[in-house]
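So this one's protein_24.cif, mmCIF, C-alpha atoms:
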data_target
#
loop_
_atom_site.label_atom_id
_atom_site.label_comp_id
_atom_site.auth_asym_id
_atom_site.auth_seq_id
_atom_site.Cartn_x
_atom_site.Cartn_y
_atom_site.Cartn_z
CA MET O 137 -16.87 -18.21 8.89
CA SER O 138 -14.10 -18.39 6.28
CA VAL O 139 -10.55 -17.47 7.23
CA ASN O 140 -10.87 -14.27 5.17
CA GLU O 141 -14.07 -13.30 6.98
CA LYS O 142 -12.42 -14.11 10.32
CA ILE O 143 -9.44 -11.85 9.53
CA VAL O 144 -11.67 -8.94 8.49
CA SER O 145 -13.93 -9.51 11.49
CA ASP O 146 -10.91 -9.28 13.85
CA LEU O 147 -9.65 -6.13 12.10
CA VAL O 148 -13.05 -4.48 12.46
CA ALA O 149 -13.44 -5.63 16.09
CA ASN O 150 -10.11 -3.89 16.82
CA ASN O 151 -11.21 -0.69 15.02
CA VAL O 152 -8.68 -1.17 12.24
CA ASN O 153 -10.38 1.08 9.72
CA PHE O 154 -7.66 2.06 7.20
CA VAL O 155 -5.99 -0.76 5.28
CA THR O 156 -3.53 -0.51 2.43
CA THR O 157 -2.73 -3.50 0.27
CA VAL O 158 -0.24 -4.66 -2.31
CA PRO O 159 -1.58 -7.87 -3.79
CA CYS O 160 -0.33 -11.45 -3.57
CA LYS O 161 -2.12 -14.52 -4.91
CA GLN O 162 -2.40 -15.95 -1.39
CA LEU O 163 -3.98 -12.73 -0.15
CA ALA O 164 -6.55 -12.28 -2.93
CA GLY O 165 -9.47 -13.49 -0.81
CA VAL O 166 -8.71 -11.31 2.20
CA ILE O 167 -8.12 -8.27 -0.03
CA ASP O 168 -11.55 -8.85 -1.63
CA ALA O 169 -13.12 -9.11 1.82
CA ILE O 170 -11.46 -5.84 2.92
CA GLU O 171 -12.65 -4.09 -0.23
CA ALA O 172 -16.18 -5.34 0.51
CA SER O 173 -16.14 -4.18 4.14
CA ASP O 174 -18.11 -1.00 4.94
CA ASP O 175 -16.04 -0.50 8.09
CA ILE O 176 -12.63 -0.28 6.42
CA TYR O 177 -11.24 2.35 4.05
CA HIS O 178 -9.27 0.27 1.56
CA ILE O 179 -6.51 2.11 -0.30
CA PRO O 180 -4.39 -0.03 -2.61
CA SER O 181 -0.82 1.23 -2.85
CA ASN O 182 1.67 0.83 -5.67
CA LYS O 183 4.61 -0.04 -3.46
CA GLU O 184 4.75 -1.11 0.15
CA ASP O 185 6.84 1.81 1.42
CA GLU O 186 4.24 4.17 -0.07
CA GLY O 187 1.61 2.15 1.83
CA MET O 188 3.51 2.57 5.09
CA GLY O 189 3.56 6.34 4.50
CA LEU O 190 -0.22 6.31 4.00
CA CYS O 191 -0.60 4.30 7.21
CA ALA O 192 1.62 6.71 9.16
CA GLY O 193 -0.52 9.66 8.05
CA ALA O 194 -3.76 7.83 8.78
CA PHE O 195 -2.53 6.91 12.26
CA MET O 196 -1.68 10.53 13.03
CA GLY O 197 -5.14 11.46 11.77
CA GLY O 198 -6.77 9.18 14.32
CA LYS O 199 -7.29 6.00 12.29
CA ARG O 200 -6.02 2.53 13.10
CA PRO O 201 -4.08 1.38 10.03
CA ALA O 202 -2.82 -1.96 8.75
CA ILE O 203 -0.85 -3.09 5.71
CA ILE O 204 -1.30 -6.31 3.76
CA MET O 205 1.62 -7.34 1.58
CA GLN O 206 3.97 -10.12 0.51
CA ASN O 207 7.17 -11.00 2.39
CA THR O 208 9.24 -9.72 -0.55
CA ALA O 209 8.15 -6.29 0.69
CA ILE O 210 10.38 -6.60 3.74
CA GLY O 211 13.24 -6.02 1.32
CA VAL O 212 11.51 -2.93 -0.05
CA THR O 213 10.51 -1.34 3.24
CA ILE O 214 13.41 -1.68 5.69
CA ASN O 215 14.29 2.01 5.56
CA THR O 216 10.66 3.05 6.01
CA LEU O 217 10.09 0.64 8.88
CA VAL O 218 13.19 1.94 10.67
CA THR O 219 13.10 5.68 9.96
CA LEU O 220 9.34 6.24 9.96
CA THR O 221 7.28 3.56 11.71
CA GLN O 222 9.81 2.65 14.41
CA TYR O 223 11.57 6.02 14.76
CA TYR O 224 8.28 7.88 15.40
CA ARG O 225 6.86 4.94 17.39
CA MET O 226 3.79 4.12 15.37
CA PRO O 227 1.73 0.92 15.46
CA LEU O 228 1.42 -1.05 12.23
CA PRO O 229 0.03 -4.55 11.94
CA MET O 230 1.54 -6.15 8.83
CA LEU O 231 -0.40 -9.14 7.50
CA ILE O 232 2.20 -10.76 5.30
CA SER O 233 1.92 -13.51 2.73
CA TYR O 234 4.91 -15.75 3.53
CA ARG O 235 5.80 -16.95 0.06
CA GLY O 236 8.57 -19.47 -0.51
CA GLU O 237 7.52 -21.93 2.20
CA LEU O 238 6.31 -25.56 1.81
CA GLY O 239 4.04 -25.90 -1.20
CA GLU O 240 5.65 -22.99 -3.06
CA PRO O 241 5.76 -23.61 -6.81
CA VAL O 242 7.94 -20.59 -7.70
CA ALA O 243 11.60 -21.23 -6.87
CA CYS O 244 12.55 -17.56 -6.76
CA GLN O 245 10.14 -16.97 -3.85
CA VAL O 246 12.32 -19.21 -1.67
CA GLU O 247 15.21 -16.76 -2.09
CA MET O 248 13.37 -14.08 -0.09
CA ALA O 249 11.72 -16.58 2.24
CA VAL O 250 15.10 -17.62 3.66
CA HIS O 251 15.81 -14.01 4.63
CA THR O 252 12.37 -13.04 5.89
CA LYS O 253 12.56 -14.07 9.56
CA ALA O 254 16.23 -13.09 9.84
CA LEU O 255 15.43 -9.57 8.62
CA LEU O 256 12.42 -9.19 10.91
CA ASN O 257 14.55 -10.45 13.80
CA GLN O 258 17.33 -7.99 12.95
CA LEU O 259 14.77 -5.18 12.88
CA HIS O 260 13.41 -6.24 16.31
CA ILE O 261 9.93 -6.57 14.86
CA PRO O 262 7.63 -8.86 16.88
CA THR O 263 6.84 -11.70 14.48
CA TYR O 264 4.06 -14.30 14.49
CA HIS O 265 3.82 -17.20 12.02
CA PHE O 266 0.45 -18.62 10.99
CA HIS O 267 1.05 -22.18 9.72
CA LYS O 268 -2.06 -24.07 10.83
CA GLU O 269 -5.63 -22.96 10.34
CA ASP O 270 -6.21 -22.46 14.10
CA ASP O 271 -3.28 -20.04 14.32
CA VAL O 272 -5.63 -17.32 13.07
CA ASN O 273 -7.27 -17.39 16.50
CA GLU O 274 -4.28 -15.38 17.78
CA LEU O 275 -4.96 -12.48 15.41
CA ASP O 276 -7.22 -10.61 17.82
CA ALA O 277 -4.54 -10.69 20.54
CA ILE O 278 -1.80 -9.72 18.08
CA LEU O 279 -3.77 -6.67 16.96
CA LYS O 280 -4.35 -5.58 20.56
CA HIS O 281 -0.63 -6.13 21.27
CA THR O 282 0.36 -4.00 18.25
CA PHE O 283 -1.71 -0.99 19.29
CA MET O 284 -0.61 -1.43 22.90
CA CYS O 285 3.11 -1.29 22.13
CA ASN O 286 3.11 1.16 19.15
CA LYS O 287 5.36 -1.00 16.99
CA PRO O 288 5.22 -2.58 13.57
CA VAL O 289 4.28 -6.23 14.06
CA ALA O 290 4.60 -8.97 11.43
CA ILE O 291 2.09 -11.77 10.90
CA LEU O 292 3.56 -14.26 8.43
CA THR O 293 0.95 -16.45 6.75
CA ASP O 294 2.31 -19.38 4.75
CA ALA O 295 0.85 -21.62 2.02
CA THR O 296 -0.07 -24.39 4.48
CA PHE O 297 -2.14 -21.85 6.43
CA TRP O 298 -3.88 -20.74 3.23
CA LYS O 299 -4.21 -24.42 2.11
CA GLY O 300 -2.31 -23.93 -1.13
CA TYR O 301 -3.28 -21.57 -3.92
CA MET H 166 13.57 32.52 -5.67
CA ILE H 167 14.97 29.42 -4.02
CA ARG H 168 13.01 26.95 -1.85
CA SER H 169 13.78 28.62 1.48
CA GLU H 170 12.45 31.94 0.11
CA ILE H 171 9.22 30.22 -0.99
CA LEU H 172 8.85 28.66 2.47
CA ARG H 173 9.38 32.06 4.09
CA ASP H 174 6.78 33.58 1.73
CA ILE H 175 4.10 30.93 2.33
CA ALA H 176 4.71 30.54 6.09
CA PRO H 177 1.77 32.81 7.07
CA VAL H 178 -0.55 30.90 4.69
CA ILE H 179 0.34 27.42 5.96
CA ALA H 180 0.68 28.27 9.67
CA GLU H 181 -2.96 27.51 10.48
CA HIS H 182 -3.05 24.21 8.57
CA LEU H 183 -1.55 20.75 9.03
CA VAL H 184 1.76 20.51 7.17
CA VAL H 185 3.77 17.40 6.36
CA CYS H 186 7.23 18.53 5.36
CA ASN H 187 9.77 16.69 3.27
CA ILE H 188 12.99 15.22 4.70
CA GLY H 189 16.24 17.17 4.87
CA LEU H 190 16.64 20.86 4.17
CA PRO H 191 12.92 21.61 3.55
CA SER H 192 12.01 20.46 7.08
CA GLN H 193 15.07 22.18 8.55
CA GLU H 194 14.19 25.42 6.77
CA LEU H 195 10.52 25.34 7.78
CA HIS H 196 11.49 24.51 11.37
CA SER H 197 13.83 27.49 11.40
CA ILE H 198 11.42 29.91 9.68
CA ASP H 199 8.23 29.12 11.60
CA ASP H 200 8.14 26.10 13.91
CA GLN H 201 4.52 25.14 14.61
CA PRO H 202 2.89 22.18 16.40
CA THR H 203 0.93 21.74 13.17
CA ASN H 204 4.16 20.89 11.31
CA PHE H 205 5.20 17.25 10.93
CA TYR H 206 8.91 17.17 10.14
CA MET H 207 10.23 14.14 8.33
CA LEU H 208 13.63 13.20 9.70
CA GLY H 209 14.06 10.20 7.40
CA THR H 210 12.33 8.21 4.67
CA MET H 211 12.80 10.13 1.43
CA GLY H 212 9.75 10.24 -0.82
CA LEU H 213 6.88 9.71 1.58
CA SER H 214 5.74 13.26 2.39
CA SER H 215 2.93 13.04 -0.16
CA SER H 216 1.84 9.61 1.11
CA ILE H 217 1.84 10.62 4.78
CA GLY H 218 -0.11 13.77 3.90
CA LEU H 219 -2.69 11.86 1.84
CA GLY H 220 -3.21 9.29 4.61
CA LEU H 221 -3.66 12.13 7.10
CA ALA H 222 -6.11 13.98 4.85
CA LEU H 223 -8.20 10.85 4.28
CA ALA H 224 -8.29 10.13 8.03
CA GLN H 225 -9.69 13.46 9.25
CA ASP H 226 -11.29 16.71 8.03
CA LYS H 227 -8.65 19.41 8.63
CA LYS H 228 -6.74 20.73 5.64
CA VAL H 229 -3.38 19.11 4.99
CA ILE H 230 -0.52 20.49 2.92
CA SER H 231 2.28 18.12 1.96
CA ILE H 232 5.42 20.03 1.07
CA ASP H 233 7.42 17.85 -1.26
CA GLY H 234 10.24 18.21 -3.77
CA ASP H 235 10.69 17.09 -7.35
CA GLY H 236 13.37 14.60 -6.33
CA SER H 237 11.15 13.10 -3.63
CA VAL H 238 8.17 12.75 -5.96
CA LEU H 239 10.43 11.02 -8.49
CA THR H 240 11.53 8.65 -5.70
CA ASN H 241 7.90 7.75 -4.88
CA PHE H 242 6.30 8.10 -8.32
CA GLY H 243 3.56 5.62 -7.41
CA THR H 244 2.10 8.26 -5.12
CA LEU H 245 0.51 10.27 -7.96
CA PRO H 246 -1.93 7.55 -9.16
CA THR H 247 -2.83 6.82 -5.53
CA ILE H 248 -3.57 10.50 -4.92
CA ALA H 249 -5.57 10.77 -8.17
CA ASN H 250 -7.73 7.76 -7.31
CA ASN H 251 -8.33 8.60 -3.63
CA VAL H 252 -9.59 12.16 -3.77
CA ALA H 253 -9.38 14.10 -0.50
CA ASP H 254 -10.57 17.67 -0.99
CA ASN H 255 -8.77 18.74 2.19
CA TYR H 256 -5.42 17.79 0.64
CA ILE H 257 -2.88 19.91 -1.20
CA LEU H 258 0.39 18.57 -2.53
CA LEU H 259 2.89 21.39 -3.01
CA ILE H 260 5.84 20.19 -5.07
CA ILE H 261 8.68 22.69 -4.86
CA ASP H 262 10.39 21.86 -8.13
CA ASN H 263 13.91 23.22 -8.22
CA GLY H 264 15.09 20.59 -10.67
CA SER H 265 17.64 19.25 -8.25
CA TYR H 266 18.28 17.07 -5.23
CA GLY H 267 18.86 20.06 -2.94
CA SER H 268 19.71 18.32 0.32
CA THR H 269 22.44 16.21 -1.22
CA GLY H 270 24.34 18.87 -3.14
CA ASP H 271 22.05 20.06 -5.95
CA GLN H 272 22.54 17.12 -8.30
CA PRO H 273 20.11 17.61 -11.23
CA THR H 274 16.84 15.62 -11.31
CA TYR H 275 15.03 14.49 -14.45
CA ALA H 276 12.27 16.97 -13.51
CA GLY H 277 14.77 19.69 -14.31
CA LYS H 278 15.38 18.12 -17.72
CA LYS H 279 12.76 16.52 -19.98
CA THR H 280 10.24 15.28 -17.40
CA SER H 281 7.30 17.49 -16.47
CA LEU H 282 5.80 16.55 -13.10
CA THR H 283 2.78 18.69 -14.00
CA GLU H 284 2.07 16.56 -17.06
CA VAL H 285 2.79 13.35 -15.14
CA ALA H 286 0.34 14.32 -12.39
CA ARG H 287 -2.33 15.06 -15.01
CA ALA H 288 -1.63 11.79 -16.83
CA CYS H 289 -2.02 9.95 -13.51
CA GLY H 290 -5.54 11.34 -13.25
CA CYS H 291 -5.06 14.25 -10.84
CA GLU H 292 -7.79 16.76 -11.68
CA ASN H 293 -6.51 20.06 -10.32
CA VAL H 294 -2.86 20.45 -11.24
CA ILE H 295 -1.39 23.95 -11.31
CA GLU H 296 2.13 24.83 -12.37
CA CYS H 297 3.36 28.20 -11.26
CA GLN H 298 6.51 30.23 -10.86
CA ALA H 299 8.03 30.51 -7.39
CA GLU H 300 6.86 34.11 -6.97
CA GLN H 301 3.19 33.05 -7.51
CA THR H 302 3.26 30.16 -5.04
CA ARG H 303 1.68 32.00 -2.12
CA GLU H 304 -1.23 33.27 -4.19
CA VAL H 305 -1.80 29.88 -5.90
CA LEU H 306 -1.63 28.04 -2.58
CA GLN H 307 -4.14 30.40 -0.96
CA ALA H 308 -6.50 29.96 -3.92
CA ALA H 309 -6.16 26.17 -3.68
CA LEU H 310 -6.98 26.29 0.05
CA ASP H 311 -10.00 28.49 -0.67
CA SER H 312 -11.23 26.17 -3.45
CA ASN H 313 -11.77 23.17 -1.13
CA LYS H 314 -10.59 20.92 -3.96
CA MET H 315 -7.69 18.53 -3.85
CA THR H 316 -4.91 20.35 -5.70
CA ILE H 317 -1.41 19.53 -6.88
CA ILE H 318 0.82 22.59 -7.18
CA VAL H 319 4.14 22.41 -9.01
CA SER H 320 6.14 25.49 -8.08
CA LYS H 321 9.11 26.01 -10.38
CA CYS H 322 12.02 27.67 -8.61
CA GLU H 323 15.77 28.02 -8.68
CA SER H 324 17.99 25.51 -6.97
CA GLY H 325 20.05 26.59 -4.00
CA ASN H 326 20.29 26.17 -0.28
CA VAL H 327 20.90 28.21 2.84
CA LYS H 328 23.03 27.08 5.77
CA ILE H 329 20.68 25.71 8.38
CA PRO H 330 21.09 23.49 11.46
CA VAL H 331 19.60 19.99 11.63
CA ILE H 332 16.43 19.40 13.66
CA THR H 333 17.31 17.97 17.06
CA MET H 334 13.72 17.48 18.30
CA ASP H 335 12.98 13.88 19.23
CA PRO H 336 10.80 12.16 16.60
CA VAL H 337 8.29 10.97 19.21
CA GLU H 338 7.96 14.57 20.44
CA ILE H 339 7.38 15.79 16.86
CA ARG H 340 4.73 13.12 16.35
CA SER H 341 3.05 13.59 19.73
CA ARG H 342 2.91 17.37 19.40
CA PHE H 343 1.56 17.03 15.86
CA MET H 344 -1.15 14.54 16.87
CA LYS H 345 -2.34 16.88 19.64
CA ALA H 346 -2.58 19.66 17.03
CA VAL H 347 -4.54 17.34 14.72
CA GLN H 348 -6.99 16.55 17.52
CA SER H 349 -7.35 20.14 18.84
#
Structure re-expressed in structure tokens:
Amino acid sequence: MSVNEKIVSDLVANNVNFVTTVPCKQLAGVIDAIEASDDIYHIPSNKEDEGMGLCAGAFMGGKRPAIIMQNTAIGVTINTLVTLTQYYRMPLPMLISYRGELGEPVACQVEMAVHTKALLNQLHIPTYHFHKEDDVNELDAILKHTFMCNKPVAILTDATFWKGY
Amino acid sequence: MIRSEILRDIAPVIAEHLVVCNIGLPSQELHSIDDQPTNFYMLGTMGLSSSIGLGLALAQDKKVISIDGDGSVLTNFGTLPTIANNVADNYILLIIDNGSYGSTGDQPTYAGKKTSLTEVARACGCENVIECQAEQTREVLQAALDSNKMTIIVSKCESGNVKIPVITMDPVEIRSRFMKAVQS
């Protein structure tokens, strides 16, 4: 099973059935796999805060949502995370492409990478970092944890995890 | 008519449906006029009423009305293509377009100048877009509900606010009460 198939399989096993995405090169394969899944309603969004609004509505409608985005989106979504997802106590797994780590060819991506964990820490968002291939084996437990505690939870996935791009 | 008069006029029409209401004065006014468990009041996060409403409409079968403003739609412009391309026939987006940022002191928006949200919504691919005057809103909204087609309504009204207290309900209580109404 490829890592993309494993991620989608864990989402489906945890009844995550409403996924919004904003693309990143590292995430292209998993986004394709989500689009191909019959068990997930895939709704691309134009900006990540819009996506979090869609997820909030879907959650209140009885779905289990998730968002897939790049770490630059943390800068875009702080207000939404704080005043919507956290304030109303809603679960939201965030599968995040952690750009700007080892292997990154685009210097500007490092500028947001150096702030990513500090911001998530400041926001008191439980954060997991997938660096090695086997780290994906924690995804199932992370998803269960997210829907247990009704919080946004970050899963940072770096270039080493994705084996370059 | 100003926004609070429209809300008072449409209150009997929306009372039996799920309503996601925009941040600030719109939520405060609706809460004051006709508080219902079927109302989700936004206490923060400007711009996302339409997105929350669309996600809710796609997730379940009950009818959903997002009450939004021209300023909020301008803030979250990306919402209109998403709505157009993810049709939910149980979804109505009611944009109360007073051409101003009402909650912050009636500063003018571009929707009150050259920009037509009706034309923008159509250009984004929304199929049923109706612009009406404030006085027609109730009738147009009822017709949209009866049509069982996803509809965007742009209700043109005057800017102006009434003095109203803030909502002191706890957000988790708002959300919990709303989710029970969704499931009932």
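When all atoms listed in the file are used to measure the gap to Ile260 in chain H, the shortest distance among H:Met166, H:Val319, H:Ala224, H:Val294 belongs to H:Val319.
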Produce a table with one row for each residue of chain O that has an atom at most 8 Å from any atom of chain H, each row naming the nearest atom pair and its distance in Å at one decimal; use only C-alpha atoms; arrange rows by chain and rising residue number; format as JSON lines.
{"residue": "O:Ile179", "atom": "CA", "partner": "H:Asn251", "partner_atom": "CA", "distance": 7.5}
{"residue": "O:Pro180", "atom": "CA", "partner": "H:Thr247", "partner_atom": "CA", "distance": 7.6}
{"residue": "O:Ser181", "atom": "CA", "partner": "H:Thr247", "partner_atom": "CA", "distance": 6.5}
{"residue": "O:Asn182", "atom": "CA", "partner": "H:Gly243", "partner_atom": "CA", "distance": 5.4}
{"residue": "O:Lys183", "atom": "CA", "partner": "H:Gly243", "partner_atom": "CA", "distance": 7.0}
{"residue": "O:Asp185", "atom": "CA", "partner": "H:Leu213", "partner_atom": "CA", "distance": 7.9}
{"residue": "O:Glu186", "atom": "CA", "partner": "H:Ser216", "partner_atom": "CA", "distance": 6.1}
{"residue": "O:Gly187", "atom": "CA", "partner": "H:Ser216", "partner_atom": "CA", "distance": 7.5}
{"residue": "O:Gly189", "atom": "CA", "partner": "H:Ile217", "partner_atom": "CA", "distance": 4.6}
{"residue": "O:Leu190", "atom": "CA", "partner": "H:Gly220", "partner_atom": "CA", "distance": 4.3}
{"residue": "O:Cys191", "atom": "CA", "partner": "H:Gly220", "partner_atom": "CA", "distance": 6.2}
{"residue": "O:Ala192", "atom": "CA", "partner": "H:Ile217", "partner_atom": "CA", "distance": 5.9}
{"residue": "O:Gly193", "atom": "CA", "partner": "H:Leu221", "partner_atom": "CA", "distance": 4.1}
{"residue": "O:Ala194", "atom": "CA", "partner": "H:Gly220", "partner_atom": "CA", "distance": 4.5}
{"residue": "O:Phe195", "atom": "CA", "partner": "H:Leu221", "partner_atom": "CA", "distance": 7.4}
{"residue": "O:Met196", "atom": "CA", "partner": "H:Met344", "partner_atom": "CA", "distance": 5.6}
{"residue": "O:Gly197", "atom": "CA", "partner": "H:Leu221", "partner_atom": "CA", "distance": 4.9}
{"residue": "O:Gly198", "atom": "CA", "partner": "H:Ala224", "partner_atom": "CA", "distance": 6.5}
{"residue": "O:Lys199", "atom": "CA", "partner": "H:Ala224", "partner_atom": "CA", "distance": 6.0}
{"residue": "O:Asn215", "atom": "CA", "partner": "H:Thr210", "partner_atom": "CA", "distance": 6.6}
{"residue": "O:Thr216", "atom": "CA", "partner": "H:Thr210", "partner_atom": "CA", "distance": 5.6}
{"residue": "O:Thr219", "atom": "CA", "partner": "H:Gly209", "partner_atom": "CA", "distance": 5.3}
{"residue": "O:Leu220", "atom": "CA", "partner": "H:Thr210", "partner_atom": "CA", "distance": 6.4}
{"residue": "O:Tyr223", "atom": "CA", "partner": "H:Pro336", "partner_atom": "CA", "distance": 6.5}
{"residue": "O:Tyr224", "atom": "CA", "partner": "H:Val337", "partner_atom": "CA", "distance": 4.9}
{"residue": "O:Arg225", "atom": "CA", "partner": "H:Val337", "partner_atom": "CA", "distance": 6.5}
Residue neighbourhood Val272 in chain O, 12 Å, only C-alpha atoms, exclusion window fewer than 2 positions, as JSON, numbers by chain: {"O": [138, 139, 140, 141, 142, 143, 144, 145, 146, 147, 231, 264, 265, 266, 267, 268, 269, 270, 274, 275, 276, 277, 278, 279, 291, 292, 293, 294, 297, 298]}
Non-local contacts of range 235-241 of chain O (8 Å; only C-alpha atoms; under 4 positions in same chain excluded) as JSON, numbers by chain: {"O": [206, 207, 245, 246, 247, 248, 249, 250, 294, 295, 296, 300]}
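Here CA of Gly236 in chain H and CA of Ile318 in chain H stand 14.9 Å from one another.
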List as a ChimeraX atom specification the protein and nucleic acid residues near Ser268 in chain H, meaning an atom at most 12 Å away when only C-alpha atoms are counted, but skip any in the same chain fewer than 4 places from it. /H:168-169,187-194,211,234-237,263,272-273,324-329,331
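Going from CA of Val285 in chain H over to CA of Leu195 in chain H, you cover 27.0 Å.
Remark: for Ser173 in chain O, the closest of the candidate residues O:Val155, O:Val242, O:Cys285, O:Met188 is O:Val155 (distances computed over only C-alpha atoms).
Across the model, the gap from CA of Thr240 in chain H to CA of His178 in chain O is 23.6 Å.
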As a PDB file, in the coordinates of the input, please: range 217-240 of chain H completed to N, CA and C atoms.
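Final output, part-v9.pdb:
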ATOM      1  N   ILE H 217       2.232  10.337   3.389  1.00  0.00           N
ATOM      2  CA  ILE H 217       1.840  10.620   4.780  1.00  0.00           C
ATOM      3  C   ILE H 217       0.721  11.668   4.786  1.00  0.00           C
ATOM      4  N   GLY H 218       0.895  12.698   3.962  1.00  0.00           N
ATOM      5  CA  GLY H 218      -0.110  13.770   3.900  1.00  0.00           C
ATOM      6  C   GLY H 218      -1.450  13.259   3.389  1.00  0.00           C
ATOM      7  N   LEU H 219      -1.427  12.400   2.374  1.00  0.00           N
ATOM      8  CA  LEU H 219      -2.690  11.860   1.840  1.00  0.00           C
ATOM      9  C   LEU H 219      -3.381  10.990   2.897  1.00  0.00           C
ATOM     10  N   GLY H 220      -2.620  10.129   3.561  1.00  0.00           N
ATOM     11  CA  GLY H 220      -3.210   9.290   4.610  1.00  0.00           C
ATOM     12  C   GLY H 220      -3.843  10.140   5.704  1.00  0.00           C
ATOM     13  N   LEU H 221      -3.154  11.213   6.067  1.00  0.00           N
ATOM     14  CA  LEU H 221      -3.660  12.130   7.100  1.00  0.00           C
ATOM     15  C   LEU H 221      -4.935  12.829   6.628  1.00  0.00           C
ATOM     16  N   ALA H 222      -4.946  13.267   5.376  1.00  0.00           N
ATOM     17  CA  ALA H 222      -6.110  13.980   4.850  1.00  0.00           C
ATOM     18  C   ALA H 222      -7.331  13.058   4.749  1.00  0.00           C
ATOM     19  N   LEU H 223      -7.092  11.805   4.394  1.00  0.00           N
ATOM     20  CA  LEU H 223      -8.200  10.850   4.280  1.00  0.00           C
ATOM     21  C   LEU H 223      -8.741  10.459   5.658  1.00  0.00           C
ATOM     22  N   ALA H 224      -7.911  10.619   6.693  1.00  0.00           N
ATOM     23  CA  ALA H 224      -8.290  10.130   8.030  1.00  0.00           C
ATOM     24  C   ALA H 224      -9.082  11.146   8.837  1.00  0.00           C
ATOM     25  N   GLN H 225      -9.015  12.427   8.464  1.00  0.00           N
ATOM     26  CA  GLN H 225      -9.690  13.460   9.250  1.00  0.00           C
ATOM     27  C   GLN H 225     -10.018  14.651   8.337  1.00  0.00           C
ATOM     28  N   ASP H 226     -10.711  15.658   8.892  1.00  0.00           N
ATOM     29  CA  ASP H 226     -11.290  16.710   8.030  1.00  0.00           C
ATOM     30  C   ASP H 226     -10.429  17.967   7.872  1.00  0.00           C
ATOM     31  N   LYS H 227      -9.437  18.175   8.738  1.00  0.00           N
ATOM     32  CA  LYS H 227      -8.650  19.410   8.630  1.00  0.00           C
ATOM     33  C   LYS H 227      -7.834  19.425   7.341  1.00  0.00           C
ATOM     34  N   LYS H 228      -7.509  20.627   6.875  1.00  0.00           N
ATOM     35  CA  LYS H 228      -6.740  20.730   5.640  1.00  0.00           C
ATOM     36  C   LYS H 228      -5.278  20.331   5.868  1.00  0.00           C
ATOM     37  N   VAL H 229      -4.745  19.638   4.905  1.00  0.00           N
ATOM     38  CA  VAL H 229      -3.380  19.110   4.990  1.00  0.00           C
ATOM     39  C   VAL H 229      -2.602  19.579   3.760  1.00  0.00           C
ATOM     40  N   ILE H 230      -1.414  20.117   4.017  1.00  0.00           N
ATOM     41  CA  ILE H 230      -0.520  20.490   2.920  1.00  0.00           C
ATOM     42  C   ILE H 230       0.745  19.644   3.040  1.00  0.00           C
ATOM     43  N   SER H 231       1.002  18.836   2.025  1.00  0.00           N
ATOM     44  CA  SER H 231       2.280  18.120   1.960  1.00  0.00           C
ATOM     45  C   SER H 231       3.252  18.973   1.165  1.00  0.00           C
ATOM     46  N   ILE H 232       4.368  19.314   1.790  1.00  0.00           N
ATOM     47  CA  ILE H 232       5.420  20.030   1.070  1.00  0.00           C
ATOM     48  C   ILE H 232       6.443  18.998   0.607  1.00  0.00           C
ATOM     49  N   ASP H 233       6.569  18.886  -0.696  1.00  0.00           N
ATOM     50  CA  ASP H 233       7.420  17.850  -1.260  1.00  0.00           C
ATOM     51  C   ASP H 233       8.390  18.493  -2.256  1.00  0.00           C
ATOM     52  N   GLY H 234       9.301  17.700  -2.778  1.00  0.00           N
ATOM     53  CA  GLY H 234      10.240  18.210  -3.770  1.00  0.00           C
ATOM     54  C   GLY H 234      10.154  17.364  -5.027  1.00  0.00           C
ATOM     55  N   ASP H 235      10.730  17.862  -6.096  1.00  0.00           N
ATOM     56  CA  ASP H 235      10.690  17.090  -7.350  1.00  0.00           C
ATOM     57  C   ASP H 235      11.461  15.776  -7.196  1.00  0.00           C
ATOM     58  N   GLY H 236      12.594  15.819  -6.512  1.00  0.00           N
ATOM     59  CA  GLY H 236      13.370  14.600  -6.330  1.00  0.00           C
ATOM     60  C   GLY H 236      12.616  13.558  -5.516  1.00  0.00           C
ATOM     61  N   SER H 237      11.908  14.018  -4.487  1.00  0.00           N
ATOM     62  CA  SER H 237      11.150  13.100  -3.630  1.00  0.00           C
ATOM     63  C   SER H 237       9.970  12.493  -4.376  1.00  0.00           C
ATOM     64  N   VAL H 238       9.299  13.284  -5.183  1.00  0.00           N
ATOM     65  CA  VAL H 238       8.170  12.750  -5.960  1.00  0.00           C
ATOM     66  C   VAL H 238       8.688  11.724  -6.977  1.00  0.00           C
ATOM     67  N   LEU H 239       9.842  12.001  -7.562  1.00  0.00           N
ATOM     68  CA  LEU H 239      10.430  11.020  -8.490  1.00  0.00           C
ATOM     69  C   LEU H 239      10.766   9.720  -7.756  1.00  0.00           C
ATOM     70  N   THR H 240      11.199   9.836  -6.502  1.00  0.00           N
ATOM     71  CA  THR H 240      11.530   8.650  -5.700  1.00  0.00           C
ATOM     72  C   THR H 240      10.299   7.790  -5.430  1.00  0.00           C
TER      73      THR H 240
END
